[in-house]
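K.L.:
Contents of input_1.pdb (PDB, C-alpha atoms) are given next:
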MODEL        1
ATOM      1  CA  MET Y 126      57.124 -52.547  28.255
ATOM      2  CA  LEU Y 127      58.770 -53.928  25.103
ATOM      3  CA  THR Y 128      59.371 -51.638  22.166
ATOM      4  CA  SER Y 129      58.595 -53.214  18.832
ATOM      5  CA  LEU Y 130      61.643 -53.705  16.674
ATOM      6  CA  VAL Y 131      59.537 -54.152  13.576
ATOM      7  CA  GLU Y 132      59.675 -51.075  11.431
ATOM      8  CA  ALA Y 133      56.498 -49.802   9.893
ATOM      9  CA  ALA Y 134      56.095 -50.849   6.282
ATOM     10  CA  PRO Y 135      56.850 -47.992   3.880
ATOM     11  CA  ARG Y 136      53.830 -46.350   2.322
ATOM     12  CA  PRO Y 137      53.347 -47.276  -1.333
ATOM     13  CA  ARG Y 138      54.016 -44.604  -3.906
ATOM     14  CA  PRO Y 139      50.829 -42.676  -4.722
ATOM     15  CA  ALA Y 140      49.197 -43.545  -8.033
ATOM     16  CA  TYR Y 141      49.177 -39.880  -9.055
ATOM     17  CA  ARG Y 142      51.602 -37.082  -8.301
ATOM     18  CA  SER Y 143      52.589 -33.683  -9.638
ATOM     19  CA  PHE Y 144      55.115 -33.220 -12.450
ATOM     20  CA  ARG Y 145      56.746 -29.851 -13.095
ATOM     21  CA  THR Y 146      56.949 -29.283 -16.846
ATOM     22  CA  SER Y 147      57.278 -26.627 -19.504
ATOM     23  CA  VAL Y 148      55.886 -26.362 -23.006
ATOM     24  CA  SER Y 149      58.363 -27.462 -25.664
ATOM     25  CA  ARG Y 150      56.146 -27.579 -28.782
ATOM     26  CA  VAL Y 151      52.711 -26.357 -29.885
ATOM     27  CA  VAL Y 152      51.110 -27.725 -33.060
ATOM     28  CA  ARG Y 153      47.759 -26.479 -34.357
ATOM     29  CA  MET Y 154      46.349 -29.659 -35.889
ATOM     30  CA  SER Y 155      42.996 -28.259 -37.059
ATOM     31  CA  PRO Y 156      40.692 -25.309 -36.404
ATOM     32  CA  HIS Y 157      39.608 -26.826 -33.069
ATOM     33  CA  PHE Y 158      42.522 -29.051 -31.976
ATOM     34  CA  THR Y 159      45.956 -28.071 -30.681
ATOM     35  CA  ARG Y 160      48.638 -30.490 -29.504
ATOM     36  CA  VAL Y 161      50.881 -29.266 -26.720
ATOM     37  CA  THR Y 162      54.072 -31.166 -25.905
ATOM     38  CA  PHE Y 163      55.273 -30.857 -22.310
ATOM     39  CA  SER Y 164      58.877 -31.564 -21.328
ATOM     40  CA  GLY Y 165      60.701 -31.956 -18.043
ATOM     41  CA  ASP Y 166      63.149 -34.273 -16.292
ATOM     42  CA  GLU Y 167      60.411 -35.509 -13.940
ATOM     43  CA  LEU Y 168      58.496 -36.966 -16.920
ATOM     44  CA  ALA Y 169      60.949 -39.864 -17.056
ATOM     45  CA  GLU Y 170      58.675 -41.413 -14.398
ATOM     46  CA  PHE Y 171      55.350 -40.400 -15.942
ATOM     47  CA  GLY Y 172      52.927 -43.338 -16.314
ATOM     48  CA  THR Y 173      52.627 -45.165 -19.623
ATOM     49  CA  ALA Y 174      49.476 -47.259 -19.051
ATOM     50  CA  GLY Y 175      47.763 -45.176 -21.731
ATOM     51  CA  LEU Y 176      44.252 -45.715 -23.111
ATOM     52  CA  ASP Y 177      41.896 -43.052 -21.686
ATOM     53  CA  GLN Y 178      43.868 -42.412 -18.494
ATOM     54  CA  ARG Y 179      42.982 -39.036 -16.989
ATOM     55  CA  VAL Y 180      45.406 -36.318 -15.895
ATOM     56  CA  LYS Y 181      45.003 -32.820 -14.494
ATOM     57  CA  VAL Y 182      46.495 -29.805 -16.238
ATOM     58  CA  VAL Y 183      47.144 -27.149 -13.579
ATOM     59  CA  LEU Y 184      47.134 -23.602 -14.938
ATOM     60  CA  PRO Y 185      49.205 -20.731 -13.551
ATOM     61  CA  ILE Y 186      47.731 -17.774 -11.657
ATOM     62  CA  ALA Y 187      48.616 -14.480 -13.281
ATOM     63  CA  GLY Y 188      51.472 -12.881 -11.368
ATOM     64  CA  ARG Y 189      51.815 -15.831  -8.974
ATOM     65  CA  GLY Y 190      52.367 -18.856 -11.155
ATOM     66  CA  PHE Y 191      52.321 -21.969  -8.957
ATOM     67  CA  VAL Y 192      53.692 -20.499  -5.732
ATOM     68  CA  ASP Y 193      50.578 -21.524  -3.775
ATOM     69  CA  PHE Y 194      49.897 -24.890  -5.390
ATOM     70  CA  PRO Y 195      50.313 -27.806  -2.942
ATOM     71  CA  GLU Y 196      52.206 -30.677  -4.514
ATOM     72  CA  GLY Y 197      52.189 -33.326  -1.778
ATOM     73  CA  GLU Y 198      50.198 -36.538  -1.711
ATOM     74  CA  GLU Y 199      47.244 -34.718  -0.153
ATOM     75  CA  TRP Y 200      47.377 -31.902  -2.683
ATOM     76  CA  TYR Y 201      43.674 -31.850  -3.465
ATOM     77  CA  GLN Y 202      42.515 -31.333   0.116
ATOM     78  CA  ALA Y 203      45.185 -28.698   0.658
ATOM     79  CA  TRP Y 204      44.119 -26.978  -2.572
ATOM     80  CA  ARG Y 205      40.488 -26.892  -1.420
ATOM     81  CA  GLU Y 206      41.519 -25.162   1.811
ATOM     82  CA  LEU Y 207      43.264 -22.302   0.008
ATOM     83  CA  PRO Y 208      41.488 -18.961  -0.454
ATOM     84  CA  ALA Y 209      39.723 -18.896  -3.813
ATOM     85  CA  GLU Y 210      42.055 -16.267  -5.254
ATOM     86  CA  ARG Y 211      45.078 -18.505  -4.540
ATOM     87  CA  ARG Y 212      43.665 -21.706  -6.036
ATOM     88  CA  ASN Y 213      45.203 -22.599  -9.383
ATOM     89  CA  VAL Y 214      42.551 -23.634 -11.870
ATOM     90  CA  PHE Y 215      42.942 -27.142 -13.276
ATOM     91  CA  ARG Y 216      41.130 -29.156 -15.908
ATOM     92  CA  THR Y 217      41.017 -32.858 -16.789
ATOM     93  CA  TYR Y 218      42.503 -34.201 -20.017
ATOM     94  CA  THR Y 219      43.632 -37.458 -21.569
ATOM     95  CA  VAL Y 220      47.271 -38.033 -22.381
ATOM     96  CA  ARG Y 221      47.739 -38.515 -26.121
ATOM     97  CA  ALA Y 222      51.289 -39.872 -25.966
ATOM     98  CA  VAL Y 223      54.094 -40.428 -23.454
ATOM     99  CA  ARG Y 224      57.784 -40.688 -24.362
ATOM    100  CA  PRO Y 225      59.637 -41.335 -21.089
ATOM    101  CA  ALA Y 226      63.023 -41.620 -22.793
ATOM    102  CA  ASP Y 227      62.538 -38.146 -24.257
ATOM    103  CA  ARG Y 228      60.864 -36.892 -21.062
ATOM    104  CA  GLU Y 229      57.864 -35.705 -23.061
ATOM    105  CA  VAL Y 230      54.066 -35.882 -22.801
ATOM    106  CA  ASP Y 231      51.594 -34.848 -25.514
ATOM    107  CA  ILE Y 232      48.125 -33.553 -24.675
ATOM    108  CA  ASP Y 233      45.571 -32.606 -27.326
ATOM    109  CA  PHE Y 234      43.321 -29.679 -26.443
ATOM    110  CA  ALA Y 235      39.861 -29.243 -27.970
ATOM    111  CA  LEU Y 236      39.591 -25.501 -28.500
ATOM    112  CA  HIS Y 237      36.404 -23.528 -27.897
ATOM    113  CA  GLY Y 238      37.686 -19.987 -27.807
ATOM    114  CA  ASP Y 239      38.206 -18.259 -24.489
ATOM    115  CA  LEU Y 240      35.026 -19.699 -22.954
ATOM    116  CA  GLY Y 241      37.096 -21.920 -20.666
ATOM    117  CA  PRO Y 242      40.426 -21.302 -18.921
ATOM    118  CA  ALA Y 243      42.211 -24.333 -20.402
ATOM    119  CA  SER Y 244      41.096 -23.577 -23.954
ATOM    120  CA  ALA Y 245      42.118 -19.936 -23.519
ATOM    121  CA  TRP Y 246      45.521 -21.037 -22.194
ATOM    122  CA  ALA Y 247      46.080 -23.556 -25.014
ATOM    123  CA  MET Y 248      45.278 -20.963 -27.672
ATOM    124  CA  GLN Y 249      48.097 -18.776 -26.333
ATOM    125  CA  ALA Y 250      50.529 -21.513 -25.236
ATOM    126  CA  ALA Y 251      54.141 -21.037 -26.292
ATOM    127  CA  PRO Y 252      57.443 -22.861 -25.717
ATOM    128  CA  GLY Y 253      58.802 -22.108 -22.274
ATOM    129  CA  ASP Y 254      55.416 -21.744 -20.550
ATOM    130  CA  GLU Y 255      55.437 -23.579 -17.208
ATOM    131  CA  ILE Y 256      52.674 -26.042 -16.316
ATOM    132  CA  ILE Y 257      52.086 -28.630 -13.603
ATOM    133  CA  LEU Y 258      50.623 -31.985 -14.614
ATOM    134  CA  ILE Y 259      48.965 -34.236 -12.021
ATOM    135  CA  GLY Y 260      49.464 -37.633 -13.595
ATOM    136  CA  PRO Y 261      50.218 -41.310 -13.038
ATOM    137  CA  ASP Y 262      53.483 -42.414 -11.472
ATOM    138  CA  GLU Y 263      55.029 -45.207 -13.535
ATOM    139  CA  LEU Y 264      56.720 -46.625 -10.409
ATOM    140  CA  SER Y 265      53.477 -46.855  -8.403
ATOM    141  CA  PRO Y 266      51.507 -50.107  -8.036
ATOM    142  CA  GLY Y 267      48.427 -48.017  -8.802
ATOM    143  CA  ARG Y 268      49.791 -46.731 -12.114
ATOM    144  CA  ALA Y 269      46.644 -47.796 -14.022
ATOM    145  CA  LEU Y 270      44.293 -45.658 -11.912
ATOM    146  CA  GLY Y 271      42.089 -43.363 -13.985
ATOM    147  CA  ILE Y 272      41.602 -45.709 -16.940
ATOM    148  CA  ASP Y 273      37.884 -46.159 -17.680
ATOM    149  CA  PHE Y 274      38.124 -48.185 -20.902
ATOM    150  CA  ARG Y 275      37.876 -51.670 -19.418
ATOM    151  CA  PRO Y 276      36.099 -54.038 -21.820
ATOM    152  CA  GLY Y 277      35.765 -57.681 -20.960
ATOM    153  CA  THR Y 278      35.920 -60.361 -23.606
ATOM    154  CA  VAL Y 279      33.581 -58.927 -26.223
ATOM    155  CA  ASP Y 280      33.064 -59.301 -29.953
ATOM    156  CA  THR Y 281      32.531 -55.627 -30.746
ATOM    157  CA  VAL Y 282      33.475 -52.254 -29.287
ATOM    158  CA  LEU Y 283      31.589 -48.993 -29.710
ATOM    159  CA  LEU Y 284      33.462 -45.752 -28.992
ATOM    160  CA  ALA Y 285      31.420 -42.559 -29.237
ATOM    161  CA  GLY Y 286      31.970 -38.958 -28.207
ATOM    162  CA  ASP Y 287      32.409 -35.343 -29.212
ATOM    163  CA  GLU Y 288      35.594 -33.339 -29.724
ATOM    164  CA  THR Y 289      36.398 -33.373 -26.008
ATOM    165  CA  ALA Y 290      36.517 -37.171 -26.174
ATOM    166  CA  ALA Y 291      38.484 -37.308 -29.430
ATOM    167  CA  PRO Y 292      41.948 -37.500 -27.778
ATOM    168  CA  ALA Y 293      40.826 -40.368 -25.538
ATOM    169  CA  ILE Y 294      39.153 -42.235 -28.413
ATOM    170  CA  CYS Y 295      42.233 -41.828 -30.596
ATOM    171  CA  ALA Y 296      44.503 -43.064 -27.797
ATOM    172  CA  ILE Y 297      42.255 -46.094 -27.253
ATOM    173  CA  LEU Y 298      42.120 -46.882 -30.980
ATOM    174  CA  GLU Y 299      45.884 -46.948 -31.245
ATOM    175  CA  GLN Y 300      46.148 -49.434 -28.364
ATOM    176  CA  LEU Y 301      43.385 -51.860 -29.335
ATOM    177  CA  PRO Y 302      44.492 -55.382 -30.279
ATOM    178  CA  ALA Y 303      45.005 -55.966 -33.988
ATOM    179  CA  ASP Y 304      41.972 -58.274 -34.189
ATOM    180  CA  ALA Y 305      39.547 -55.807 -32.540
ATOM    181  CA  SER Y 306      36.221 -55.182 -34.254
ATOM    182  CA  GLY Y 307      33.763 -52.313 -33.967
ATOM    183  CA  VAL Y 308      33.346 -48.626 -34.657
ATOM    184  CA  ALA Y 309      34.497 -45.252 -33.340
ATOM    185  CA  MET Y 310      32.222 -42.253 -33.909
ATOM    186  CA  ILE Y 311      33.637 -38.809 -33.171
ATOM    187  CA  GLU Y 312      31.522 -35.698 -33.593
ATOM    188  CA  VAL Y 313      33.601 -32.585 -34.298
ATOM    189  CA  PRO Y 314      32.738 -28.951 -35.105
ATOM    190  CA  THR Y 315      33.887 -28.935 -38.758
ATOM    191  CA  ALA Y 316      35.082 -31.248 -41.501
ATOM    192  CA  GLU Y 317      38.529 -29.657 -41.133
ATOM    193  CA  ASP Y 318      38.766 -31.154 -37.629
ATOM    194  CA  VAL Y 319      39.209 -34.722 -38.862
ATOM    195  CA  LEU Y 320      42.461 -36.037 -37.358
ATOM    196  CA  SER Y 321      44.792 -38.782 -38.479
ATOM    197  CA  VAL Y 322      44.629 -41.856 -36.251
ATOM    198  CA  ARG Y 323      45.743 -45.471 -36.495
ATOM    199  CA  SER Y 324      43.163 -48.162 -35.808
ATOM    200  CA  PRO Y 325      42.789 -51.923 -36.293
ATOM    201  CA  ALA Y 326      41.496 -52.950 -39.707
ATOM    202  CA  GLY Y 327      38.279 -54.231 -38.151
ATOM    203  CA  VAL Y 328      37.406 -50.945 -36.392
ATOM    204  CA  GLU Y 329      35.731 -48.315 -38.554
ATOM    205  CA  VAL Y 330      36.452 -44.684 -37.642
ATOM    206  CA  ARG Y 331      33.744 -42.149 -38.493
ATOM    207  CA  TRP Y 332      34.262 -38.415 -38.083
ATOM    208  CA  LEU Y 333      30.940 -36.568 -37.945
ATOM    209  CA  ALA Y 334      31.096 -32.822 -38.634
ATOM    210  CA  ARG Y 335      28.345 -30.774 -36.944
ATOM    211  CA  GLY Y 336      28.804 -27.876 -39.346
ATOM    212  CA  GLY Y 337      26.968 -25.415 -37.117
ATOM    213  CA  GLY Y 338      24.545 -27.917 -35.577
ATOM    214  CA  VAL Y 339      24.163 -28.561 -31.866
ATOM    215  CA  HIS Y 340      26.133 -31.164 -29.939
ATOM    216  CA  GLY Y 341      24.749 -34.637 -30.568
ATOM    217  CA  GLU Y 342      22.886 -33.746 -33.743
ATOM    218  CA  ARG Y 343      25.104 -36.019 -35.844
ATOM    219  CA  LEU Y 344      26.329 -38.394 -33.133
ATOM    220  CA  VAL Y 345      23.025 -39.587 -31.650
ATOM    221  CA  PRO Y 346      21.347 -40.815 -34.872
ATOM    222  CA  ALA Y 347      24.622 -42.320 -36.148
ATOM    223  CA  VAL Y 348      25.097 -44.376 -32.982
ATOM    224  CA  ARG Y 349      21.472 -45.469 -32.920
ATOM    225  CA  ASP Y 350      21.570 -46.588 -36.540
ATOM    226  CA  TRP Y 351      24.803 -48.547 -36.093
ATOM    227  CA  VAL Y 352      23.630 -50.261 -32.914
ATOM    228  CA  VAL Y 353      20.280 -51.253 -34.450
ATOM    229  CA  ARG Y 354      22.088 -52.828 -37.394
ATOM    230  CA  THR Y 355      25.055 -54.301 -35.553
ATOM    231  CA  CYS Y 356      24.790 -55.191 -31.875
ATOM    232  CA  CYS Y 357      21.279 -54.977 -30.468
ATOM    233  CA  ALA Y 358      21.247 -57.545 -27.702
ATOM    234  CA  GLN Y 359      17.491 -58.057 -27.482
ATOM    235  CA  GLY Y 360      16.007 -56.179 -30.421
ATOM    236  CA  CYS Y 361      15.666 -52.410 -30.373
ATOM    237  CA  ILE Y 362      12.509 -50.451 -29.885
ATOM    238  CA  PRO Y 363      11.648 -48.769 -33.201
ATOM    239  CA  GLY Y 364      11.098 -45.063 -33.588
ATOM    240  CA  ALA Y 365      14.645 -43.679 -33.430
ATOM    241  CA  PRO Y 366      14.742 -39.929 -34.086
ATOM    242  CA  THR Y 367      15.584 -39.172 -37.707
ATOM    243  CA  SER Y 368      15.361 -35.381 -37.926
ATOM    244  CA  SER Y 369      17.747 -32.831 -36.448
ATOM    245  CA  ALA Y 370      14.853 -31.217 -34.597
ATOM    246  CA  ALA Y 371      13.883 -34.528 -32.986
ATOM    247  CA  VAL Y 372      17.460 -35.136 -31.819
ATOM    248  CA  ARG Y 373      17.724 -31.598 -30.424
ATOM    249  CA  ASP Y 374      14.482 -32.066 -28.480
ATOM    250  CA  LEU Y 375      15.641 -35.420 -27.107
ATOM    251  CA  VAL Y 376      19.001 -34.062 -25.940
ATOM    252  CA  ALA Y 377      17.388 -30.910 -24.507
ATOM    253  CA  ALA Y 378      15.008 -33.052 -22.454
ATOM    254  CA  GLU Y 379      17.919 -35.028 -21.032
ATOM    255  CA  ASN Y 380      19.784 -31.808 -20.242
ATOM    256  CA  ALA Y 381      16.808 -30.417 -18.341
ATOM    257  CA  ASP Y 382      16.624 -33.641 -16.329
ATOM    258  CA  LEU Y 383      20.304 -33.703 -15.383
ATOM    259  CA  GLU Y 384      21.244 -33.181 -11.755
ATOM    260  CA  ASP Y 385      24.301 -31.232 -10.639
ATOM    261  CA  ALA Y 386      26.211 -34.396  -9.745
ATOM    262  CA  PRO Y 387      28.739 -35.586 -12.353
ATOM    263  CA  LEU Y 388      27.391 -38.035 -14.921
ATOM    264  CA  TRP Y 389      29.999 -40.760 -14.672
ATOM    265  CA  ASP Y 390      29.458 -44.501 -14.458
ATOM    266  CA  VAL Y 391      32.053 -47.115 -15.314
ATOM    267  CA  PRO Y 392      31.672 -50.871 -14.704
ATOM    268  CA  GLU Y 393      33.813 -52.091 -11.832
ATOM    269  CA  GLY Y 394      36.761 -54.172 -12.917
ATOM    270  CA  SER Y 395      36.206 -55.147 -16.541
ATOM    271  CA  SER Y 396      32.850 -55.042 -18.244
ATOM    272  CA  LEU Y 397      30.467 -57.957 -18.557
ATOM    273  CA  ASP Y 398      31.636 -60.321 -21.283
ATOM    274  CA  GLY Y 399      29.273 -60.387 -24.228
ATOM    275  CA  ASP Y 400      28.608 -59.281 -27.749
ATOM    276  CA  CYS Y 401      29.247 -55.547 -27.407
ATOM    277  CA  TYR Y 402      30.968 -53.021 -25.121
ATOM    278  CA  ALA Y 403      30.236 -49.298 -25.345
ATOM    279  CA  TRP Y 404      32.431 -46.405 -24.195
ATOM    280  CA  LEU Y 405      30.703 -43.013 -24.334
ATOM    281  CA  ALA Y 406      32.128 -39.615 -23.396
ATOM    282  CA  GLY Y 407      31.460 -35.956 -24.087
ATOM    283  CA  GLU Y 408      28.696 -33.447 -23.365
ATOM    284  CA  ALA Y 409      26.636 -34.849 -20.491
ATOM    285  CA  SER Y 410      23.117 -34.605 -21.948
ATOM    286  CA  VAL Y 411      24.217 -36.203 -25.226
ATOM    287  CA  ILE Y 412      25.964 -39.028 -23.374
ATOM    288  CA  LYS Y 413      22.915 -39.573 -21.176
ATOM    289  CA  THR Y 414      20.746 -39.763 -24.301
ATOM    290  CA  LEU Y 415      23.008 -42.416 -25.819
ATOM    291  CA  ARG Y 416      23.252 -44.423 -22.626
ATOM    292  CA  ARG Y 417      19.483 -44.425 -22.186
ATOM    293  CA  PHE Y 418      19.099 -45.768 -25.721
ATOM    294  CA  LEU Y 419      21.707 -48.519 -25.273
ATOM    295  CA  VAL Y 420      20.314 -49.794 -21.969
ATOM    296  CA  ARG Y 421      16.582 -49.184 -22.244
ATOM    297  CA  GLU Y 422      16.000 -49.682 -25.962
ATOM    298  CA  ALA Y 423      18.888 -51.751 -27.280
ATOM    299  CA  GLY Y 424      18.799 -54.080 -24.264
ATOM    300  CA  MET Y 425      22.478 -53.836 -23.349
ATOM    301  CA  ASP Y 426      23.425 -54.717 -19.799
ATOM    302  CA  ARG Y 427      24.559 -51.702 -17.725
ATOM    303  CA  ARG Y 428      27.824 -53.523 -17.097
ATOM    304  CA  GLN Y 429      28.574 -53.309 -20.823
ATOM    305  CA  VAL Y 430      28.361 -49.510 -20.956
ATOM    306  CA  ALA Y 431      30.912 -47.008 -19.622
ATOM    307  CA  PHE Y 432      29.748 -43.407 -19.883
ATOM    308  CA  MET Y 433      31.416 -40.168 -18.822
ATOM    309  CA  GLY Y 434      29.939 -36.671 -18.924
ATOM    310  CA  TYR Y 435      33.124 -34.709 -19.580
ATOM    311  CA  TRP Y 436      31.268 -31.396 -19.580
ATOM    312  CA  ARG Y 437      27.799 -29.886 -19.591
ATOM    313  CA  ARG Y 438      26.508 -26.993 -21.621
ATOM    314  CA  GLY Y 439      26.551 -23.826 -19.539
ATOM    315  CA  ARG Y 440      28.612 -25.358 -16.742
ATOM    316  CA  ALA Y 441      32.284 -25.562 -15.802
ATOM    317  CA  GLU Y 442      34.074 -28.890 -15.837
ATOM    318  CA  LEU Y 443      32.243 -31.686 -14.004
ATOM    319  CA  ASP Y 444      34.822 -32.535 -11.338
TER     320      ASP Y 444
ENDMDL
END
Let's see the structure in the file written out as structure tokens.

P.N.:
Amino acid sequence: MLTSLVEAAPRPRPAYRSFRTSVSRVVRMSPHFTRVTFSGDELAEFGTAGLDQRVKVVLPIAGRGFVDFPEGEEWYQAWRELPAERRNVFRTYTVRAVRPADREVDIDFALHGDLGPASAWAMQAAPGDEIILIGPDELSPGRALGIDFRPGTVDTVLLAGDETAAPAICAILEQLPADASGVAMIEVPTAEDVLSVRSPAGVEVRWLARGGGVHGERLVPAVRDWVVRTCCAQGCIPGAPTSSAAVRDLVAAENADLEDAPLWDVPEGSSLDGDCYAWLAGEASVIKTLRRFLVREAGMDRRQVAFMGYWRRGRAELD
């Protein structure tokens, strides 16, 4: 029996891996946004594909830190097999900036008090705090995994979301081509939460302050109005809600109809070429309301709409 002299091909580097980091800076940008800068030698190889690429922020367990957290390629399955009390909590975020030469990564946190573990951690974060990031490996052939903003050749882009989507929208805006055209609508809790962001001259950026209203109360009618005036593919059905009460009822109906499965649908590859591409992210019932309008009323093809339910009222993160 002959023994093969051909060595097995090496396994490609995984698209995502763990990075040991520590907090180097914390900047409170507004009442509901904090930027945390993470530093560490391993970040020299952190992915730079950008846009809305997702990462996991792994939080420490009190008194145990990260002693139980599995960091190998199969970390997620190993994490699931741990006893609940030894599982580090993690949440999904978008990288705001990467500076490999400085070995730094910025992540913007939307703060909502201590209602969630990541928000509670970010409110107390201080230089020296240790954190693990599960993020893209710049040296991997799959370094672009986790990017959902994939427009085809389109005339206009529509970016819409709440404060949880603001970091992703801002990152996308700053990487759009100079000749891009469209609008970004970001609903935030207060007028003081308007952030500075660079965008192409042809892309309007609108910050919509809820001012005590419910999620979607400002975003839904603003998106509907812009789409009706700008990029209806086949003519919109009239009768868009105009009052706050009507919007609240519409969003509440979508929330009641939501299933437990994550609300997440992104066109494969790049979107269908055409007149308009929409990227929607934020509270699940609001995003479902907007997607229903774009597809069923505005006549947009499903392949022109990427929508992500980042969270749902009354529920933990939609993993």

K.L.:
Measuring atom to atom with all atoms listed in the file, identify which of Y:Val328, Y:Gly407, Y:Ala222, Y:Glu263 is nearest to Y:Ala303.

P.N.:
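Among the listed residues, Y:Val328 lies closest to Y:Ala303.
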
K.L.:
Ranking Y:Phe144, Y:Tyr218, Y:Trp389, Y:Phe194 by minimum distance to Y:Ala235 and counting only C-alpha atoms, which one comes first?

P.N.:
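Of the candidates, the smallest distance to Y:Ala235 is held by Y:Tyr218.
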
K.L.:
Would you kindly translate the PyMOL selection byres ((chain Y and resi 280-293) around 7) into the concrete residues it picks from this file, as a PDB file with C-alpha atoms, keeping the file's coordinate frame?

P.N.:
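File produced: result22.pdb:
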ATOM      1  CA  LEU Y 176      44.252 -45.715 -23.111  1.00  0.00           C
ATOM      2  CA  ASP Y 177      41.896 -43.052 -21.686  1.00  0.00           C
ATOM      3  CA  THR Y 219      43.632 -37.458 -21.569  1.00  0.00           C
ATOM      4  CA  ARG Y 221      47.739 -38.515 -26.121  1.00  0.00           C
ATOM      5  CA  ASP Y 233      45.571 -32.606 -27.326  1.00  0.00           C
ATOM      6  CA  ALA Y 235      39.861 -29.243 -27.970  1.00  0.00           C
ATOM      7  CA  VAL Y 279      33.581 -58.927 -26.223  1.00  0.00           C
ATOM      8  CA  ILE Y 294      39.153 -42.235 -28.413  1.00  0.00           C
ATOM      9  CA  CYS Y 295      42.233 -41.828 -30.596  1.00  0.00           C
ATOM     10  CA  ALA Y 296      44.503 -43.064 -27.797  1.00  0.00           C
ATOM     11  CA  ILE Y 297      42.255 -46.094 -27.253  1.00  0.00           C
ATOM     12  CA  SER Y 306      36.221 -55.182 -34.254  1.00  0.00           C
ATOM     13  CA  GLY Y 307      33.763 -52.313 -33.967  1.00  0.00           C
ATOM     14  CA  VAL Y 308      33.346 -48.626 -34.657  1.00  0.00           C
ATOM     15  CA  ALA Y 309      34.497 -45.252 -33.340  1.00  0.00           C
ATOM     16  CA  MET Y 310      32.222 -42.253 -33.909  1.00  0.00           C
ATOM     17  CA  ILE Y 311      33.637 -38.809 -33.171  1.00  0.00           C
ATOM     18  CA  GLU Y 312      31.522 -35.698 -33.593  1.00  0.00           C
ATOM     19  CA  VAL Y 313      33.601 -32.585 -34.298  1.00  0.00           C
ATOM     20  CA  GLY Y 399      29.273 -60.387 -24.228  1.00  0.00           C
ATOM     21  CA  ASP Y 400      28.608 -59.281 -27.749  1.00  0.00           C
ATOM     22  CA  CYS Y 401      29.247 -55.547 -27.407  1.00  0.00           C
ATOM     23  CA  TYR Y 402      30.968 -53.021 -25.121  1.00  0.00           C
ATOM     24  CA  ALA Y 403      30.236 -49.298 -25.345  1.00  0.00           C
ATOM     25  CA  TRP Y 404      32.431 -46.405 -24.195  1.00  0.00           C
ATOM     26  CA  LEU Y 405      30.703 -43.013 -24.334  1.00  0.00           C
ATOM     27  CA  ALA Y 406      32.128 -39.615 -23.396  1.00  0.00           C
ATOM     28  CA  GLY Y 407      31.460 -35.956 -24.087  1.00  0.00           C
TER      29      GLY Y 407
END

K.L.:
So that I can check the surroundings of Y:Pro242, please list as a ChimeraX atom specification every protein, DNA and RNA residue that reaches within 9 Å of it, counting all atoms listed in the file and ignoring chain neighbours fewer than 2 positions away.

P.N.:
/Y:184,214-216,239-240,244-247

K.L.:
Rounded to one decimal place, report the atom CA of Y:Pro185-atom CA of Y:Arg224 distance in Å.

P.N.:
24.3 Å

K.L.:
I'd like to know which of Y:Ser143, Y:Ser149, Y:Ser155, Y:Thr278 is closest to Y:Glu317, using all atoms listed in the file.

P.N.:
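Smallest distance to Y:Glu317 is found for Y:Ser155.
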
K.L.:
Mind pulling up the distance from atom CA of Y:Phe432 to atom CA of Y:Pro392?

P.N.:
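Going from atom CA of Y:Pro392 over to atom CA of Y:Phe432 covers 9.3 Å.
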
K.L.:
Could you tell me how far atom CA of Y:Gly175 sits from atom CA of Y:Ala305, in Å to one decimal place?

P.N.:
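Computed distance, atom CA of Y:Ala305 to atom CA of Y:Gly175, equals 17.2 Å.
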
K.L.:
Rank nothing, just name the residue among Y:Val319, Y:Ile257, Y:Val192, Y:Ala226 nearest to Y:Arg211, using only C-alpha atoms.

P.N.:
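Of the candidates, the smallest distance to Y:Arg211 is held by Y:Val192.
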
K.L.:
For Y:Ile256, which residue among Y:Met154, Y:Thr146, Y:Leu344, Y:Gly241 is the nearest when counting all atoms listed in the file?

P.N.:
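Of the candidates, the smallest distance to Y:Ile256 is held by Y:Thr146.
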
K.L.:
Using the chain letters and residue numbers of this document, give as a ChimeraX atom specification the residues selected by the PyMOL selection byres ((chain Y and resi 415) around 8).

P.N.:
/Y:345,348-349,405,411-414,416-419

K.L.:
Y:Ile272, Y:Val183, Y:Val161, Y:Val430: which is nearest Y:Ile259, counting all atoms listed in the file?

P.N.:
Y:Val183

K.L.:
Can you give me, as a PDB file with C-alpha atoms, in the coordinates of the input, the residues this file yields under the PyMOL selection byres ((chain Y and resi 225) around 10)?

P.N.:
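And here is the file that came out, part.pdb:
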ATOM      1  CA  SER Y 164      58.877 -31.564 -21.328  1.00  0.00           C
ATOM      2  CA  GLY Y 165      60.701 -31.956 -18.043  1.00  0.00           C
ATOM      3  CA  ASP Y 166      63.149 -34.273 -16.292  1.00  0.00           C
ATOM      4  CA  GLU Y 167      60.411 -35.509 -13.940  1.00  0.00           C
ATOM      5  CA  LEU Y 168      58.496 -36.966 -16.920  1.00  0.00           C
ATOM      6  CA  ALA Y 169      60.949 -39.864 -17.056  1.00  0.00           C
ATOM      7  CA  GLU Y 170      58.675 -41.413 -14.398  1.00  0.00           C
ATOM      8  CA  PHE Y 171      55.350 -40.400 -15.942  1.00  0.00           C
ATOM      9  CA  GLY Y 172      52.927 -43.338 -16.314  1.00  0.00           C
ATOM     10  CA  THR Y 173      52.627 -45.165 -19.623  1.00  0.00           C
ATOM     11  CA  ALA Y 222      51.289 -39.872 -25.966  1.00  0.00           C
ATOM     12  CA  VAL Y 223      54.094 -40.428 -23.454  1.00  0.00           C
ATOM     13  CA  ARG Y 224      57.784 -40.688 -24.362  1.00  0.00           C
ATOM     14  CA  ALA Y 226      63.023 -41.620 -22.793  1.00  0.00           C
ATOM     15  CA  ASP Y 227      62.538 -38.146 -24.257  1.00  0.00           C
ATOM     16  CA  ARG Y 228      60.864 -36.892 -21.062  1.00  0.00           C
ATOM     17  CA  GLU Y 229      57.864 -35.705 -23.061  1.00  0.00           C
ATOM     18  CA  VAL Y 230      54.066 -35.882 -22.801  1.00  0.00           C
ATOM     19  CA  GLU Y 263      55.029 -45.207 -13.535  1.00  0.00           C
TER      20      GLU Y 263
END
